[in-house]
Each structure stands twice: as structure tokens, then as C-alpha cells.
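Written out below as C-alpha cells is the structure these notes cover.
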Amino acid sequence: MVISKHPLRFILTAVIACLPLFSFANIVSDSTKVHTEAVHVVSDSVHTMTEAEHSTKEASHDAHAEPTDVKSKIKEFINHHLLDAHDFTLSANEETGEHYGFSLPIILWDNGLQVFSSSKFHHGEKTAEHNGNFYVLHHEKIYKTDASGALVEGHGGHPENVRPLDLSITKSVVGILFVAILMFLLFTGLAKSYGKNNGIASGAGRFFEPLVLYVRDEIAIPNIGEKSYKKYMSYLLTIFFFVFFLNILGLAPLGFNVTGNITITLSLAVLTYLITTFTANKNYWSHMLWMPGVPVILRPVLAMIELLGTIIKPFSLMIRLYANMMAGHVVLMSIIGLMFIFKSWIGSSLSFVLAFALSILEILVAFLQAYIFTMLSSLYFGAGNEEHHHEEAHH
Amino acid sequence: MQIPEIVGAGLIVIGAGLGIGRIGGSAMDAIARQPEASGKIQTAMIIAAALIEGIGFAALFAK
């Protein structure tokens, strides 16, 4: 197979070949040329008309209210990075307002499927028009609006406009798809190389085989047990490499922050919860609902605590991964931000050295978090598969 | 102001820090006494530290 022979070259070629695909929906080649410019002019004139209009306009554009000092600019940039985005911005020129990067397709369900390019939003600065509907990008959330592009200010700072169902290929989705394809190619290549090479891994498999064995021998077997570990291996390996690759991808340029997004970790935790719940044996349930060996009056209390515990376990899985990755991104970007605050050779060299050291630490954290997620998942699976201990046998 | 929340989160983080410190210290002691069991001790240490860390982060983000 072509993958196992030249894995790195193949992957690099595939990535470079895919790059133009991500920006296929560019506005230049869009057939339906829209008059967003005119709309913008109208909204600008609204801006100056009355005070009331002024406030609604402010609400719609406070995401891009010009921060005055460097510190709040850095803060805004970090907050923006932590959110999922509808386009890739590699760099932006503040004075000219030019953004360098590429757009991603927007897919909305709003009385039918609406597909258009995110370049219509002009990085949230403009109102996008598609099939007679107007949309506004506000804090990376898409709201439906009218031609003026104004948002109705609701309580808590969230606009009260209708939010269409957003199925867009966002930055995180691109990251997930990329890792999914990468994992598929890598590990099918690894599996096939065994047959070709007399049971010895070749190519990139040589790097990943020890990791696979590590997950099996150090995580799955000690925690789940020799008897039933096999049925969980596929899930454990998938989750280990998925989290590991996404954590590493978060350190690469392009600015992915997938595992630092609570919805992603939530769905991973829900998967662990569902697998624990549906593969548990009767000992697990009897120990949870009607604990043997304790006074009867305590059993309902224990059952409540145990049931609560089954929810708390995946919840802590979710929070741990999310918080670790998010904290790592925040700290790293803040330290890089020092460069712009000090504006001297001391600040720059300090920031460079610190960021370098932290990046190395983050590689460790990336591995450690993948390990802990897999380890705790297998611990929970093992708890669900525990055989009944005959206490009489020990005495 | 949210002073009570911030103080509470700070207290929890102090507690979590002390807890992880104790886990690390005890694991060091244990490894020094039984170097051949260091793999198992390390695993148990990481699990316990991760559980406490989860509480600490929950406090930080719930504030």
C-alpha cells in the first residue's frame, strides 16, 4: 500500500492537496454576487442617524469595538482564539483591515439548507445575504437579521435574534475531520504493513506500534482485566489517539482548539458514560442500586450517591480535558502576548524562552491528558465489568 | 462584585495544590523505598492527581 511505504510524504502531499478544498467557496468565484457593500453603507448611515439606532448598532458590532490599549487587544485575541471560528485567519492587518487566511463553508438549516462561504461575513464585519436571508456573525454565532444588519439586544448581552441551526464546517470540524482521516490512513496502513512485512510494523507504524501496545498493556489490561479487555480496545485506542492528535494539533500553527472546546469533550465523556452503562454486568448494577453487606437502611442513600457518582465521573472527564487544554492555550498565548506589552528586547527574549519551554511542557500535557482520559475511561469500564468478589473465600 | 466566588475558588485551588503536592511527595517516598514498583506507583499517582486536578479546574471555571 502506498501509505505504508512513504507515510510522511503521502500525508504531507494529501494535506497540501486538500488546502485549496478548504477555500473552495471563495467569494470571487461565487455565482450569486451580492450587494453587501450597499447594505453596509445603509447600516453606516443608520449609525449616525439617531441615538436609539446607535445603541442597536453598537450591540451588533461590539465584538469589533476597537479596543484601545494593547492589553485588552491581547485579551480579545485570546478569547477569540478559544472560540470555534467560521474561517481560518492566519494573520490580519489592523490598519488596512485585511485578513489573510481562508474561508470555510457555512451550512445553515433555515427553511431549507443554506450553503455559502464564510467570506461573505468578512470576518464578522459585514452582514451576509444568501437567498434573500440576512445573517450576522456575532461572537462566532450566526444570527438571522434584516437588511440593516442590526441585532436586538437581549438580556445578558446575548442578542434576541433567531439563531438558525448551524451545521457549518467550522475550524474545529476541519480539525476533527483531518484527524479522523489521518488516523484512518495511519492505522489501516499499520495494520496492513504487518501482513506485508512478516508481522513487523514498517514506516510510521514503527512509531505508533509501541503506543498501541502501551494502551493495551499498561492501560487496558491492568484496569479492565484479561478477560474482557478486548471489546474495549477499539474505543480506547480511538479515544487515545483522537485526543492525542488533537492536543498536538492544538500546538501547531493554524490555531485549532478542538479539545479545549467543552462540547467536544462533552461528547467524548458521553461516549464513555454510555459504554460504561451499557456494557456493565449485573454485579455493577447490584452494587450500585442495592449494595450488599451494608445495613438495609443505608442502601437507598448509597444508591443515590452511587447514581450521582456515575454522572460525576464523566463530568470530571469532560472538565479535566477541556480545562487543561484551554488553560494551556491561554497561558501560552498570554506569554506570547508579553512581547507586545513590553515592546523591548527583554520582553521579546523572555517571552520567546518562556513560550518555548511551555510548548515543550504542553507536548507532555497533550500526551498526559490523552493518557488520563483513556486510563480513567478504562477504569470505569473495568468497574462495570468487575467479577463478584467472594469474601468468604479469603477467610 | 464576585469577591466570595473568587475567594472560594482560590481556597479550592490552594486545597487542590496541597493535595497534589502531598500525592507527589508520598509517591516520591514510595518510589524511594521500592524503586521496582515505580511504574505502578506512578500510574496510581497520576490517577489521583488527575482526580484532584479535575476539582480544581471545576472550581476555577464555575466561579
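Every chain in the C-alpha cells has a letter given in the order shown (A, B, ...), and although residue numbers restart at 1 in each chain, ligands are simply numbered from 1 in the order shown.
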
Check: Which neighbours of B:Leu60 fall inside 10 Å, counting only C-alpha atoms, when residues of the same chain fewer than 6 positions from it are skipped, and could you give them as a ChimeraX atom specification?
Finding: /A:323 /B:5-6,8-10,12-13,54

Notebook entry, point to check: Mind checking DSSP for stretch 100-203 of chain A and telling me the strand (DSSP E or B) residues as a PyMOL selection string?
Noted result: chain A and resi 100-103+105-109+113-117+128-130+133-138+141-145+153+159+165-166

Check: Which one is closest to B:Ala27: B:Ile14, B:Met45, B:Ala58, B:Val7? Count only C-alpha atoms.
Finding: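 Of B:Ile14, B:Met45, B:Ala58, B:Val7, the one nearest B:Ala27 is B:Met45, counting only C-alpha atoms.
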
Counting only C-alpha atoms, which residues of chain B fall within 10 Å of chain A, and what is the closest atom pair for each with its distance in Å at one decimal, ordered by chain and rising number, as CSV?
residue,atom,partner,partner_atom,distance
B:Gly39,CA,A:Glu218,CA,9.5
B:Lys40,CA,A:Glu218,CA,9.5
B:Thr43,CA,A:Glu218,CA,9.1
B:Ile46,CA,A:Ile372,CA,7.7
B:Ile47,CA,A:Ile372,CA,7.0
B:Ala50,CA,A:Ile372,CA,7.3
B:Leu51,CA,A:Ser316,CA,7.7
B:Ile52,CA,A:Arg320,CA,9.7
B:Glu53,CA,A:Arg320,CA,7.2
B:Gly54,CA,A:Arg320,CA,4.9
B:Ile55,CA,A:Ser316,CA,7.6
B:Gly56,CA,A:Arg320,CA,9.1
B:Phe57,CA,A:Ala323,CA,6.1
B:Ala58,CA,A:Ile319,CA,6.5
B:Leu60,CA,A:Ala323,CA,9.0
B:Phe61,CA,A:Ala323,CA,7.9

Checklist line | Separation of atom CA of A:Tyr143 from atom CA of A:Asn161 in Å | finding: 5.9 Å

Next item on the list: With a distance cut-off of 8 Å and only C-alpha atoms, select the neighbouring residues of A:Val115, excluding the residue or stretch itself and same-chain residues fewer than 5 positions from it, and output the selection as a list in words.
Entry: Pro105, Ile106, Ile107 and Leu108 of chain A

Save out the residues we just selected, N, CA and C atoms, as a PDB file, in the first residue's frame.
ATOM      1  N   PRO A 105     -16.857  26.703   4.457  1.00  0.00           N
ATOM      2  CA  PRO A 105     -18.274  26.751   4.079  1.00  0.00           C
ATOM      3  C   PRO A 105     -19.191  26.904   5.286  1.00  0.00           C
ATOM      4  N   ILE A 106     -20.226  27.709   5.122  1.00  0.00           N
ATOM      5  CA  ILE A 106     -21.258  27.870   6.144  1.00  0.00           C
ATOM      6  C   ILE A 106     -22.451  27.039   5.706  1.00  0.00           C
ATOM      7  N   ILE A 107     -22.937  26.180   6.567  1.00  0.00           N
ATOM      8  CA  ILE A 107     -24.110  25.369   6.254  1.00  0.00           C
ATOM      9  C   ILE A 107     -25.151  25.666   7.324  1.00  0.00           C
ATOM     10  N   LEU A 108     -26.271  26.237   6.904  1.00  0.00           N
ATOM     11  CA  LEU A 108     -27.318  26.578   7.861  1.00  0.00           C
ATOM     12  C   LEU A 108     -28.587  25.837   7.492  1.00  0.00           C
TER      13      LEU A 108
END

Report as a short mmCIF file (atom, residue, chain, number, x, y, z; two decimals) with N, CA and C atoms, in the first residue's frame all protein, DNA and RNA residues lying within 10 Å of A:Leu190, evaluated on only C-alpha atoms, omitting residues in the same chain fewer than 4 positions from it.
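New file result24.cif:
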data_model
loop_
_atom_site.label_atom_id
_atom_site.label_comp_id
_atom_site.auth_asym_id
_atom_site.auth_seq_id
_atom_site.Cartn_x
_atom_site.Cartn_y
_atom_site.Cartn_z
N ILE A 3 0.52 4.02 1.47
CA ILE A 3 0.65 4.74 2.73
C ILE A 3 1.79 4.17 3.55
N SER A 4 1.88 2.85 3.56
CA SER A 4 2.89 2.26 4.44
C SER A 4 4.29 2.44 3.88
N PRO A 7 4.88 7.03 4.26
CA PRO A 7 3.76 7.61 5.02
C PRO A 7 3.84 9.12 5.13
N PHE A 184 -7.34 7.18 10.21
CA PHE A 184 -7.77 6.07 9.36
C PHE A 184 -6.62 5.61 8.47
N LEU A 185 -5.96 6.56 7.82
CA LEU A 185 -4.88 6.20 6.91
C LEU A 185 -3.70 5.58 7.67
N LEU A 186 -3.33 6.21 8.81
CA LEU A 186 -2.18 5.72 9.56
C LEU A 186 -2.40 4.31 10.05
N TYR A 194 1.68 -5.22 8.66
CA TYR A 194 2.01 -6.46 9.35
C TYR A 194 1.97 -7.64 8.39
N GLY A 195 0.94 -7.67 7.55
CA GLY A 195 0.80 -8.77 6.61
C GLY A 195 1.91 -8.77 5.57
N ILE A 200 6.04 -7.55 11.11
CA ILE A 200 6.81 -6.45 11.70
C ILE A 200 6.27 -5.15 11.12
N ALA A 201 6.02 -4.17 11.99
CA ALA A 201 5.49 -2.91 11.50
C ALA A 201 6.55 -2.19 10.68
N SER A 202 6.10 -1.43 9.71
CA SER A 202 7.05 -0.67 8.89
C SER A 202 6.56 0.76 8.78
N GLY A 203 7.46 1.65 8.43
CA GLY A 203 7.11 3.05 8.22
C GLY A 203 6.68 3.72 9.50
N ALA A 204 5.64 4.58 9.40
CA ALA A 204 5.18 5.32 10.57
C ALA A 204 4.64 4.38 11.64
N GLY A 205 4.27 3.18 11.23
CA GLY A 205 3.77 2.21 12.20
C GLY A 205 4.77 1.90 13.28
N ARG A 206 6.05 2.01 12.95
CA ARG A 206 7.09 1.73 13.95
C ARG A 206 7.00 2.68 15.12
N PHE A 207 6.52 3.88 14.83
CA PHE A 207 6.36 4.85 15.92
C PHE A 207 5.08 4.58 16.70
N PHE A 208 4.04 4.14 15.99
CA PHE A 208 2.74 4.04 16.66
C PHE A 208 2.51 2.68 17.30
N GLU A 209 3.24 1.66 16.85
CA GLU A 209 3.04 0.33 17.44
C GLU A 209 3.31 0.32 18.94
#

Margin query: For the alpha helix (DSSP H) assignment from backbone DSSP, which residues of stretch 112-298 of chain A qualify? Please present them as number ranges by chain.
Written below: A: 171-196, 205-214, 221-224, 230-251, 262-279, 282-289

Write the selection just made, keeping C-alpha atoms, as an mmCIF file, in the first residue's frame?
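Dumped everything to result26.cif:
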data_model
loop_
_atom_site.group_PDB
_atom_site.id
_atom_site.type_symbol
_atom_site.label_atom_id
_atom_site.label_comp_id
_atom_site.auth_asym_id
_atom_site.auth_seq_id
_atom_site.Cartn_x
_atom_site.Cartn_y
_atom_site.Cartn_z
ATOM 1 C CA LYS A 171 -12.353 25.255 12.280
ATOM 2 C CA SER A 172 -12.977 22.536 14.863
ATOM 3 C CA VAL A 173 -14.864 20.409 12.355
ATOM 4 C CA VAL A 174 -11.960 20.714 9.926
ATOM 5 C CA GLY A 175 -9.620 19.653 12.738
ATOM 6 C CA ILE A 176 -11.751 16.651 13.625
ATOM 7 C CA LEU A 177 -12.131 15.565 10.008
ATOM 8 C CA PHE A 178 -8.403 15.973 9.443
ATOM 9 C CA VAL A 179 -7.538 13.857 12.479
ATOM 10 C CA ALA A 180 -10.151 11.256 11.548
ATOM 11 C CA ILE A 181 -8.722 10.855 8.033
ATOM 12 C CA LEU A 182 -5.163 10.868 9.370
ATOM 13 C CA MET A 183 -5.975 8.173 11.920
ATOM 14 C CA PHE A 184 -7.771 6.067 9.357
ATOM 15 C CA LEU A 185 -4.878 6.199 6.910
ATOM 16 C CA LEU A 186 -2.184 5.723 9.563
ATOM 17 C CA PHE A 187 -3.721 2.788 11.327
ATOM 18 C CA THR A 188 -5.066 0.923 8.311
ATOM 19 C CA GLY A 189 -1.550 1.356 6.903
ATOM 20 C CA LEU A 190 -0.089 -0.004 10.125
ATOM 21 C CA ALA A 191 -2.460 -2.971 10.130
ATOM 22 C CA LYS A 192 -1.687 -3.795 6.512
ATOM 23 C CA SER A 193 2.065 -3.478 6.970
ATOM 24 C CA TYR A 194 2.009 -6.461 9.351
ATOM 25 C CA GLY A 195 0.799 -8.771 6.609
ATOM 26 C CA LYS A 196 3.305 -7.452 4.096
ATOM 27 C CA GLY A 205 3.768 2.209 12.197
ATOM 28 C CA ARG A 206 7.088 1.726 13.949
ATOM 29 C CA PHE A 207 6.357 4.847 15.915
ATOM 30 C CA PHE A 208 2.744 4.040 16.661
ATOM 31 C CA GLU A 209 3.043 0.329 17.436
ATOM 32 C CA PRO A 210 4.610 0.931 20.877
ATOM 33 C CA LEU A 211 1.846 3.409 21.691
ATOM 34 C CA VAL A 212 -0.829 0.896 20.717
ATOM 35 C CA LEU A 213 0.882 -1.764 22.820
ATOM 36 C CA TYR A 214 1.220 0.721 25.664
ATOM 37 C CA ILE A 221 -5.324 -4.987 30.738
ATOM 38 C CA PRO A 222 -4.476 -3.773 34.275
ATOM 39 C CA ASN A 223 -7.701 -1.796 34.599
ATOM 40 C CA ILE A 224 -10.262 -3.916 32.781
ATOM 41 C CA LYS A 230 -10.632 -6.888 24.069
ATOM 42 C CA LYS A 231 -14.046 -5.471 23.364
ATOM 43 C CA TYR A 232 -12.982 -2.074 24.720
ATOM 44 C CA MET A 233 -9.677 -1.846 22.888
ATOM 45 C CA SER A 234 -11.112 -0.266 19.744
ATOM 46 C CA TYR A 235 -12.757 2.507 21.719
ATOM 47 C CA LEU A 236 -9.766 3.086 23.996
ATOM 48 C CA LEU A 237 -7.307 3.261 21.110
ATOM 49 C CA THR A 238 -9.594 5.569 19.149
ATOM 50 C CA ILE A 239 -10.087 7.934 22.039
ATOM 51 C CA PHE A 240 -6.402 7.887 22.968
ATOM 52 C CA PHE A 241 -5.151 8.782 19.518
ATOM 53 C CA PHE A 242 -8.027 11.161 18.805
ATOM 54 C CA VAL A 243 -7.331 13.203 21.921
ATOM 55 C CA PHE A 244 -3.564 12.911 21.494
ATOM 56 C CA PHE A 245 -3.560 14.049 17.862
ATOM 57 C CA LEU A 246 -5.995 16.869 18.528
ATOM 58 C CA ASN A 247 -3.959 18.079 21.501
ATOM 59 C CA ILE A 248 -0.813 18.071 19.374
ATOM 60 C CA LEU A 249 -2.703 19.778 16.549
ATOM 61 C CA GLY A 250 -3.641 22.494 19.030
ATOM 62 C CA LEU A 251 0.061 23.338 19.364
ATOM 63 C CA ILE A 262 -16.262 21.888 26.046
ATOM 64 C CA THR A 263 -18.742 20.496 23.505
ATOM 65 C CA ILE A 264 -16.114 18.140 22.087
ATOM 66 C CA THR A 265 -15.033 16.868 25.486
ATOM 67 C CA LEU A 266 -18.696 16.582 26.460
ATOM 68 C CA SER A 267 -19.412 14.243 23.573
ATOM 69 C CA LEU A 268 -16.308 12.174 24.362
ATOM 70 C CA ALA A 269 -17.387 11.913 28.002
ATOM 71 C CA VAL A 270 -20.926 10.971 26.980
ATOM 72 C CA LEU A 271 -19.497 8.147 24.852
ATOM 73 C CA THR A 272 -17.547 6.835 27.841
ATOM 74 C CA TYR A 273 -20.653 7.101 30.013
ATOM 75 C CA LEU A 274 -22.834 5.245 27.509
ATOM 76 C CA ILE A 275 -20.292 2.459 27.025
ATOM 77 C CA THR A 276 -19.866 2.081 30.799
ATOM 78 C CA THR A 277 -23.599 1.969 31.342
ATOM 79 C CA PHE A 278 -24.467 -0.426 28.549
ATOM 80 C CA THR A 279 -21.617 -2.906 28.971
ATOM 81 C CA LYS A 282 -25.122 -7.351 36.921
ATOM 82 C CA ASN A 283 -22.601 -7.062 39.751
ATOM 83 C CA TYR A 284 -22.096 -3.422 38.838
ATOM 84 C CA TRP A 285 -25.792 -2.717 38.997
ATOM 85 C CA SER A 286 -26.395 -4.706 42.176
ATOM 86 C CA HIS A 287 -23.544 -2.915 43.901
ATOM 87 C CA MET A 288 -24.845 0.385 42.727
ATOM 88 C CA LEU A 289 -28.561 0.035 43.403
#

Margin query: Report, in Å with one decimal, the straight-line distance from atom CA of A:Lys126 to atom CA of A:Ser103.
Written below: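 So the two atoms, atom CA of A:Lys126 and atom CA of A:Ser103, lie 14.4 Å apart.
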
Next item on the list: Just the residues within 12 Å of A:Phe352, please, counting only C-alpha atoms, with nothing from its chain fewer than 6 positions along; format it as a PyMOL selection string.
Entry: chain A and resi 332-340+345-346+358-359

Notebook entry, point to check: Rounded to one decimal in Å, what is the spacing between atom CA of A:Glu95 and atom CA of A:Asp69?
Noted result: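 Atom CA of A:Asp69 lies at a distance of 15.0 Å from atom CA of A:Glu95.
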